[in-house]
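> Here you go, one structure.
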Amino acid sequence: MRRPRVKFIITYDGRDFAGWQSQRHGNTIQDQLEIAFEKISGSRVSVIGAGRTDAGVHALGQCAHVDLELGRLSIERWISALNGTLPATIRILRGRFVPPNFHARFSAKGKVYRYRIFNDAIMSPFELGRAWHVVAPLDHALLKHVAKLFVGRYDFSNFAATRGKFSEDTTRTINSLRVTRRGNLIELEFAASGFLYKMVRLITGTVVRCTLGKETLDSIKLRLEKPEPNAARFVAPASGLYLVRVNY
């Protein structure tokens with residue numbers, strides 16, 4: 001008999017973990033979840049996430065699916081038991097039964113990421129590991145102007161890392177890139193059909209560099225229109241990045 005499939009929404013502080021994807025040392029979000037499920041059920045299960053987040057990256061609404069034993073526990077009991085077993089920096093927010101053809105990764109229609117920048121001469125200790133500290137003043141209007149260049153459908157190969165191999169298709173559509181500011185905190189929120197490896201961090205790094213006069217608007221336009229294989233790139237730190245939600 002097919003096990004019922006459950007969709008879970010998970011939040012985590014990524015500072016203490018080596019990203020989402022399971023690794024040998026076991027210190028990833030996926031590993032911690034699978035260990036918790038095994039402790040509760042006594043059997044190993046596979047936790048399938050909507051996508052990888054790197055070491056140090058956070059999530060407000062990561063999505064994952066799991067095939068569970070029928071009738072063992074209600075979803076509410078699973079959530080309570082998991083949150084009592086997981087490290088305090090990982091929490092299951094909610095869950096529900098989904099059709100067997102639902103897949104956390106392949107059923108996704110798009111994602112929303114947020115990047116946080118703390119823009120001040122002195123870094124707040126409460127933002128350490130949760131935002132990128134940029135000392136030089138950033139002009140808000142110019143930030144918004146540079147960010148608009150990335151909205152649309154482009155070959156983002158100059159704004160992606162390869163993980164040692166080249167993706168077959170590096171074309172993606174960014175539906176919106178919203179820049180907001182509240183005091184010293186700047187947030188860039190990306191909504192797209194999908195993202196390449198380190199794409200948000202590379203775009204954020206480029207937007208900030210251009211705002212600081214270290215790169216031109218024309219050079220960005222050229223890299224979007226005619227990607228160069230060995231173009232110089234700057235990756236914003238992982239600590240400021242959050243997976244906000246996955247759209248289905």
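Labels for the structure tokens follow display order: chains A, B, ..., residues from 1 in each chain, ligands from 1.
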Compile the contact shell of Ala18 in chain A as a list in words: residues with an atom at most 9 Å away, counting only C-alpha atoms, same-chain residues fewer than 3 positions apart removed.

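Within the cut-off, the hits are Gly14, Arg15, Gln21, Ser22, Gln23, Gly26, Asn27, Thr28, Ile29, Thr53, Asp54, Ala55, Gly56 and Val57 of chain A.
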
> Taking only C-alpha atoms into account, name the residue in A:Thr170, A:Ser80, A:Asn119, A:Asn175 that is nearest to Val151 in chain A.

A:Asn175

> What's around Val244 in chain A at 9 Å? Count only C-alpha atoms, leave out sequence neighbours fewer than 4 positions away in its own chain, and write the answer as a PyMOL selection string.

chain A and resi 58-62+111-114+189

> If we count only C-alpha atoms and set the cut-off at 12 Å, which residues sit around Ser74 in chain A, ignoring sequence neighbours fewer than 5 positions away in its own chain? Please answer as a short mmCIF file (atom, residue, chain, number, x, y, z; two decimals) with C-alpha atoms, in the first residue's frame.


data_model
loop_
_atom_site.label_atom_id
_atom_site.label_comp_id
_atom_site.auth_asym_id
_atom_site.auth_seq_id
_atom_site.Cartn_x
_atom_site.Cartn_y
_atom_site.Cartn_z
CA PRO A 4 0.36 8.92 2.25
CA VAL A 6 2.64 14.95 3.43
CA LEU A 68 4.72 8.56 6.06
CA GLU A 69 3.25 5.39 7.55
CA ILE A 79 4.67 18.41 13.88
CA SER A 80 4.71 18.45 17.68
CA ALA A 81 6.99 15.40 17.90
CA GLY A 95 1.78 20.29 7.18
CA ARG A 96 -0.99 18.68 5.17
CA PHE A 97 -1.74 15.62 3.06
#

> In range 44-194 of chain A, what's strand (DSSP E) per DSSP? Answer as a VMD selection string?

chain A and resid 48 to 49 58 to 67 90 to 98 110 to 119 132 to 134 152 to 155 171 to 182 185 to 192

> Do you know which residues are at most 12 Å from range 128-145 of chain A counting only C-alpha atoms, after dropping those on the same chain fewer than 5 positions away, and could you put them as a PyMOL selection string?

chain A and resi 12-16+55-59+114-123+150-151+176-189+201+203-213+216-217+235-242

> Please determine, counting only C-alpha atoms, which residue among A:Ser193, A:Ser46, A:Thr171, A:Thr11 has the shortest atom-to-atom distance to Leu93 in chain A.

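Looking at the shortest contact to Leu93 in chain A, the residue is A:Thr11.
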
> Quick one: residues within 12 Å of Trp78 in chain A, only C-alpha atoms counted, chain neighbours fewer than 2 positions away excluded, as a tab-separated table (two decimals) with N, CA and C atoms, in the first residue's frame?


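That gives us result_35.tsv:
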chain	number	residue	atom	x	y	z
A	6	VAL	N	2.91	13.76	2.64
A	6	VAL	CA	2.64	14.95	3.43
A	6	VAL	C	3.59	16.06	3.01
A	7	LYS	N	3.03	17.24	2.86
A	7	LYS	CA	3.81	18.44	2.54
A	7	LYS	C	4.02	19.23	3.83
A	8	PHE	N	5.27	19.52	4.13
A	8	PHE	CA	5.61	20.29	5.32
A	8	PHE	C	6.22	21.63	4.92
A	33	LEU	N	16.36	16.62	9.69
A	33	LEU	CA	14.96	16.22	9.56
A	33	LEU	C	14.83	14.70	9.47
A	36	ALA	N	15.38	13.12	12.78
A	36	ALA	CA	14.22	13.31	13.67
A	36	ALA	C	13.09	12.36	13.31
A	37	PHE	N	12.80	12.20	12.02
A	37	PHE	CA	11.76	11.26	11.60
A	37	PHE	C	12.10	9.84	12.05
A	38	GLU	N	13.36	9.46	11.92
A	38	GLU	CA	13.76	8.10	12.31
A	38	GLU	C	13.63	7.88	13.81
A	39	LYS	N	13.97	8.89	14.59
A	39	LYS	CA	13.84	8.77	16.05
A	39	LYS	C	12.39	8.57	16.46
A	40	ILE	N	11.49	9.23	15.76
A	40	ILE	CA	10.07	9.15	16.11
A	40	ILE	C	9.42	7.88	15.59
A	41	SER	N	9.73	7.51	14.36
A	41	SER	CA	9.04	6.38	13.72
A	41	SER	C	9.80	5.06	13.82
A	66	VAL	N	7.23	14.23	2.42
A	66	VAL	CA	7.65	12.98	3.05
A	66	VAL	C	6.52	11.97	2.90
A	68	LEU	N	4.79	9.04	4.68
A	68	LEU	CA	4.72	8.56	6.06
A	68	LEU	C	3.87	7.30	6.18
A	69	GLU	N	4.05	6.59	7.29
A	69	GLU	CA	3.25	5.39	7.55
A	69	GLU	C	1.81	5.78	7.82
A	71	GLY	N	-1.66	6.27	9.27
A	71	GLY	CA	-2.33	6.18	10.56
A	71	GLY	C	-1.45	6.15	11.77
A	72	ARG	N	-0.13	6.27	11.60
A	72	ARG	CA	0.75	6.19	12.78
A	72	ARG	C	0.51	7.37	13.72
A	73	LEU	N	0.55	8.57	13.16
A	73	LEU	CA	0.30	9.78	13.93
A	73	LEU	C	-0.47	10.76	13.06
A	74	SER	N	-1.25	11.63	13.69
A	74	SER	CA	-1.88	12.72	12.94
A	74	SER	C	-0.79	13.71	12.53
A	75	ILE	N	-1.11	14.56	11.57
A	75	ILE	CA	-0.12	15.55	11.14
A	75	ILE	C	0.25	16.47	12.31
A	76	GLU	N	-0.74	16.83	13.10
A	76	GLU	CA	-0.48	17.71	14.25
A	76	GLU	C	0.49	17.05	15.23
A	80	SER	N	4.33	18.29	16.28
A	80	SER	CA	4.71	18.45	17.68
A	80	SER	C	5.91	17.58	18.02
A	81	ALA	N	5.89	16.32	17.59
A	81	ALA	CA	6.99	15.40	17.90
A	81	ALA	C	8.28	15.83	17.21
A	82	LEU	N	8.17	16.25	15.96
A	82	LEU	CA	9.36	16.69	15.22
A	82	LEU	C	9.98	17.93	15.86
A	83	ASN	N	9.15	18.91	16.20
A	83	ASN	CA	9.68	20.12	16.81
A	83	ASN	C	10.26	19.87	18.20
A	84	GLY	N	9.83	18.80	18.85
A	84	GLY	CA	10.41	18.42	20.13
A	84	GLY	C	11.71	17.66	19.99
A	85	THR	N	12.03	17.22	18.77
A	85	THR	CA	13.22	16.42	18.51
A	85	THR	C	14.30	17.20	17.77
A	86	LEU	N	13.88	18.09	16.89
A	86	LEU	CA	14.81	18.86	16.06
A	86	LEU	C	15.58	19.89	16.88
A	91	ARG	N	12.36	24.44	12.64
A	91	ARG	CA	10.99	24.22	13.10
A	91	ARG	C	10.07	23.92	11.92
A	92	ILE	N	9.16	22.96	12.16
A	92	ILE	CA	8.09	22.66	11.21
A	92	ILE	C	6.92	23.60	11.54
A	93	LEU	N	6.50	24.38	10.57
A	93	LEU	CA	5.42	25.34	10.80
A	93	LEU	C	4.04	24.72	10.61
A	94	ARG	N	3.90	23.94	9.55
A	94	ARG	CA	2.60	23.32	9.27
A	94	ARG	C	2.79	22.19	8.26
A	95	GLY	N	1.73	21.40	8.12
A	95	GLY	CA	1.78	20.29	7.18
A	95	GLY	C	0.38	19.88	6.77
A	96	ARG	N	0.30	19.19	5.62
A	96	ARG	CA	-0.99	18.68	5.17
A	96	ARG	C	-0.77	17.55	4.17

> Applying 9 Å and only C-alpha atoms, which residues near Glu228 in chain A remain after dropping the ones on its own chain fewer than 4 positions away? List them as a list in words.

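Counting only C-alpha atoms, the residues come to Ser157, Asn158, Leu222 and Arg223 of chain A.
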
> May I have the residues from that selection written out with N, CA, C and O atoms, as a compact mmCIF listing (two decimals), in the first residue's frame?


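So the final result, stored in out-v5.txt, reads:
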# COMPACT_ATOMS: atom_id res chain seq x y z
N SER A 157 23.61 33.12 -17.05
CA SER A 157 24.82 32.32 -16.84
C SER A 157 25.95 33.13 -16.21
O SER A 157 26.81 32.58 -15.52
N ASN A 158 25.97 34.46 -16.43
CA ASN A 158 26.97 35.30 -15.78
C ASN A 158 26.64 35.62 -14.33
O ASN A 158 27.43 36.25 -13.63
N LEU A 222 25.26 44.50 -20.77
CA LEU A 222 26.01 43.68 -21.71
C LEU A 222 26.11 42.24 -21.23
O LEU A 222 25.97 41.30 -22.03
N ARG A 223 26.30 42.05 -19.94
CA ARG A 223 26.41 40.69 -19.38
C ARG A 223 25.08 39.95 -19.44
O ARG A 223 25.06 38.72 -19.49

> My list of candidates is A:Arg77, A:Tyr154, A:Arg52, A:Glu168. Which is closest to Leu243 in chain A when distances are computed with only C-alpha atoms?

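Looking at the shortest contact to Leu243 in chain A, the residue is A:Arg52.
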
> Going by DSSP on the backbone, which bits of range 118-244 of chain A are helix (DSSP H, G or I)? Write them as JSON, numbers by chain, please.

{"A": [125, 126, 127, 140, 141, 142, 143, 144, 145, 146, 147, 148, 157, 158, 159, 199, 200, 201, 202, 203, 204, 205, 206, 207, 208, 209, 210, 211, 217, 218, 219, 220, 221, 222, 223, 224, 225, 238, 239, 240]}

> Keeping only N, CA, C and O atoms, write the selected residues to a file as a compact mmCIF listing (two decimals), in the first residue's frame.


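Final output, again24.txt:
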# COMPACT_ATOMS: atom_id res chain seq x y z
N PRO A 125 24.85 43.87 16.56
CA PRO A 125 25.13 42.49 16.95
C PRO A 125 23.95 41.56 16.76
O PRO A 125 24.12 40.35 16.64
N PHE A 126 22.75 42.12 16.69
CA PHE A 126 21.55 41.30 16.50
C PHE A 126 21.36 40.90 15.04
O PHE A 126 20.48 40.09 14.74
N GLU A 127 22.17 41.48 14.15
CA GLU A 127 22.07 41.13 12.73
C GLU A 127 23.24 40.24 12.27
O GLU A 127 23.29 39.86 11.10
N HIS A 140 19.27 54.65 -2.11
CA HIS A 140 18.10 53.80 -2.30
C HIS A 140 17.54 53.90 -3.72
O HIS A 140 17.20 52.88 -4.35
N ALA A 141 17.44 55.10 -4.25
CA ALA A 141 16.90 55.28 -5.60
C ALA A 141 17.78 54.60 -6.64
O ALA A 141 17.28 53.97 -7.59
N LEU A 142 19.10 54.68 -6.46
CA LEU A 142 20.00 54.04 -7.40
C LEU A 142 19.94 52.52 -7.28
O LEU A 142 19.98 51.81 -8.29
N LEU A 143 19.82 52.02 -6.06
CA LEU A 143 19.64 50.57 -5.86
C LEU A 143 18.44 50.06 -6.65
O LEU A 143 18.52 49.04 -7.34
N LYS A 144 17.33 50.77 -6.54
CA LYS A 144 16.11 50.36 -7.24
C LYS A 144 16.30 50.42 -8.75
O LYS A 144 15.84 49.53 -9.49
N HIS A 145 17.01 51.43 -9.21
CA HIS A 145 17.25 51.58 -10.64
C HIS A 145 18.10 50.43 -11.19
O HIS A 145 17.79 49.86 -12.24
N VAL A 146 19.15 50.07 -10.46
CA VAL A 146 20.02 48.96 -10.89
C VAL A 146 19.25 47.65 -10.85
O VAL A 146 19.35 46.82 -11.76
N ALA A 147 18.46 47.44 -9.80
CA ALA A 147 17.72 46.19 -9.63
C ALA A 147 16.76 45.94 -10.79
O ALA A 147 16.56 44.79 -11.21
N LYS A 148 16.18 47.01 -11.33
CA LYS A 148 15.21 46.86 -12.43
C LYS A 148 15.82 46.23 -13.67
O LYS A 148 15.11 45.62 -14.48
N SER A 157 23.61 33.12 -17.05
CA SER A 157 24.82 32.32 -16.84
C SER A 157 25.95 33.13 -16.21
O SER A 157 26.81 32.58 -15.52
N ASN A 158 25.97 34.46 -16.43
CA ASN A 158 26.97 35.30 -15.78
C ASN A 158 26.64 35.62 -14.33
O ASN A 158 27.43 36.25 -13.63
N PHE A 159 25.46 35.19 -13.91
CA PHE A 159 25.02 35.44 -12.53
C PHE A 159 24.66 34.12 -11.86
O PHE A 159 23.66 34.01 -11.17
N MET A 199 22.49 32.42 -7.73
CA MET A 199 22.01 33.49 -8.60
C MET A 199 21.62 34.74 -7.81
O MET A 199 21.99 35.88 -8.18
N VAL A 200 20.87 34.58 -6.73
CA VAL A 200 20.42 35.74 -5.95
C VAL A 200 21.62 36.46 -5.34
O VAL A 200 21.70 37.69 -5.36
N ARG A 201 22.56 35.71 -4.83
CA ARG A 201 23.73 36.31 -4.18
C ARG A 201 24.62 37.02 -5.20
O ARG A 201 25.21 38.08 -4.91
N LEU A 202 24.74 36.47 -6.40
CA LEU A 202 25.54 37.11 -7.43
C LEU A 202 24.87 38.38 -7.97
O LEU A 202 25.53 39.39 -8.21
N ILE A 203 23.56 38.34 -8.14
CA ILE A 203 22.85 39.55 -8.57
C ILE A 203 22.92 40.62 -7.49
O ILE A 203 23.19 41.80 -7.77
N THR A 204 22.71 40.24 -6.23
CA THR A 204 22.79 41.20 -5.13
C THR A 204 24.17 41.84 -5.07
O THR A 204 24.30 43.06 -4.92
N GLY A 205 25.21 41.04 -5.18
CA GLY A 205 26.57 41.57 -5.18
C GLY A 205 26.79 42.57 -6.30
O GLY A 205 27.41 43.62 -6.12
N THR A 206 26.24 42.27 -7.48
CA THR A 206 26.37 43.16 -8.64
C THR A 206 25.60 44.46 -8.43
O THR A 206 26.09 45.55 -8.74
N VAL A 207 24.39 44.36 -7.89
CA VAL A 207 23.57 45.56 -7.63
C VAL A 207 24.30 46.49 -6.67
O VAL A 207 24.36 47.72 -6.88
N VAL A 208 24.87 45.93 -5.61
CA VAL A 208 25.56 46.76 -4.61
C VAL A 208 26.83 47.37 -5.21
O VAL A 208 27.11 48.56 -5.02
N ARG A 209 27.59 46.58 -5.94
CA ARG A 209 28.82 47.09 -6.56
C ARG A 209 28.51 48.24 -7.53
O ARG A 209 29.22 49.24 -7.56
N CYS A 210 27.46 48.07 -8.30
CA CYS A 210 27.09 49.13 -9.25
C CYS A 210 26.64 50.39 -8.52
O CYS A 210 26.99 51.51 -8.90
N THR A 211 25.87 50.23 -7.45
CA THR A 211 25.42 51.37 -6.66
C THR A 211 26.59 52.12 -6.05
O THR A 211 26.54 53.35 -5.89
N LEU A 217 26.22 50.50 -15.31
CA LEU A 217 24.94 49.97 -15.79
C LEU A 217 25.13 49.31 -17.15
O LEU A 217 24.53 48.25 -17.42
N ASP A 218 25.96 49.90 -18.00
CA ASP A 218 26.18 49.34 -19.33
C ASP A 218 26.84 47.96 -19.27
O ASP A 218 26.52 47.08 -20.07
N SER A 219 27.76 47.78 -18.33
CA SER A 219 28.42 46.48 -18.23
C SER A 219 27.44 45.40 -17.79
O SER A 219 27.52 44.25 -18.24
N ILE A 220 26.50 45.76 -16.92
CA ILE A 220 25.47 44.80 -16.49
C ILE A 220 24.56 44.44 -17.66
O ILE A 220 24.26 43.26 -17.89
N LYS A 221 24.12 45.45 -18.38
CA LYS A 221 23.26 45.20 -19.54
C LYS A 221 23.95 44.27 -20.54
O LYS A 221 23.34 43.35 -21.10
N LEU A 222 25.26 44.50 -20.77
CA LEU A 222 26.01 43.68 -21.71
C LEU A 222 26.11 42.24 -21.23
O LEU A 222 25.97 41.30 -22.03
N ARG A 223 26.30 42.05 -19.94
CA ARG A 223 26.41 40.69 -19.38
C ARG A 223 25.08 39.95 -19.44
O ARG A 223 25.06 38.72 -19.49
N LEU A 224 23.98 40.68 -19.42
CA LEU A 224 22.67 40.05 -19.56
C LEU A 224 22.35 39.74 -21.02
O LEU A 224 21.75 38.70 -21.32
N GLU A 225 22.77 40.63 -21.91
CA GLU A 225 22.48 40.44 -23.34
C GLU A 225 23.45 39.49 -24.02
O GLU A 225 23.07 38.69 -24.88
N ALA A 238 26.41 34.51 2.23
CA ALA A 238 25.24 33.65 2.42
C ALA A 238 24.34 34.14 3.55
O ALA A 238 23.13 33.91 3.54
N SER A 239 24.92 34.80 4.54
CA SER A 239 24.19 35.13 5.77
C SER A 239 22.97 36.02 5.55
O SER A 239 22.06 36.02 6.37
N GLY A 240 22.94 36.78 4.45
CA GLY A 240 21.81 37.68 4.23
C GLY A 240 20.67 37.09 3.45
O GLY A 240 19.64 37.75 3.25
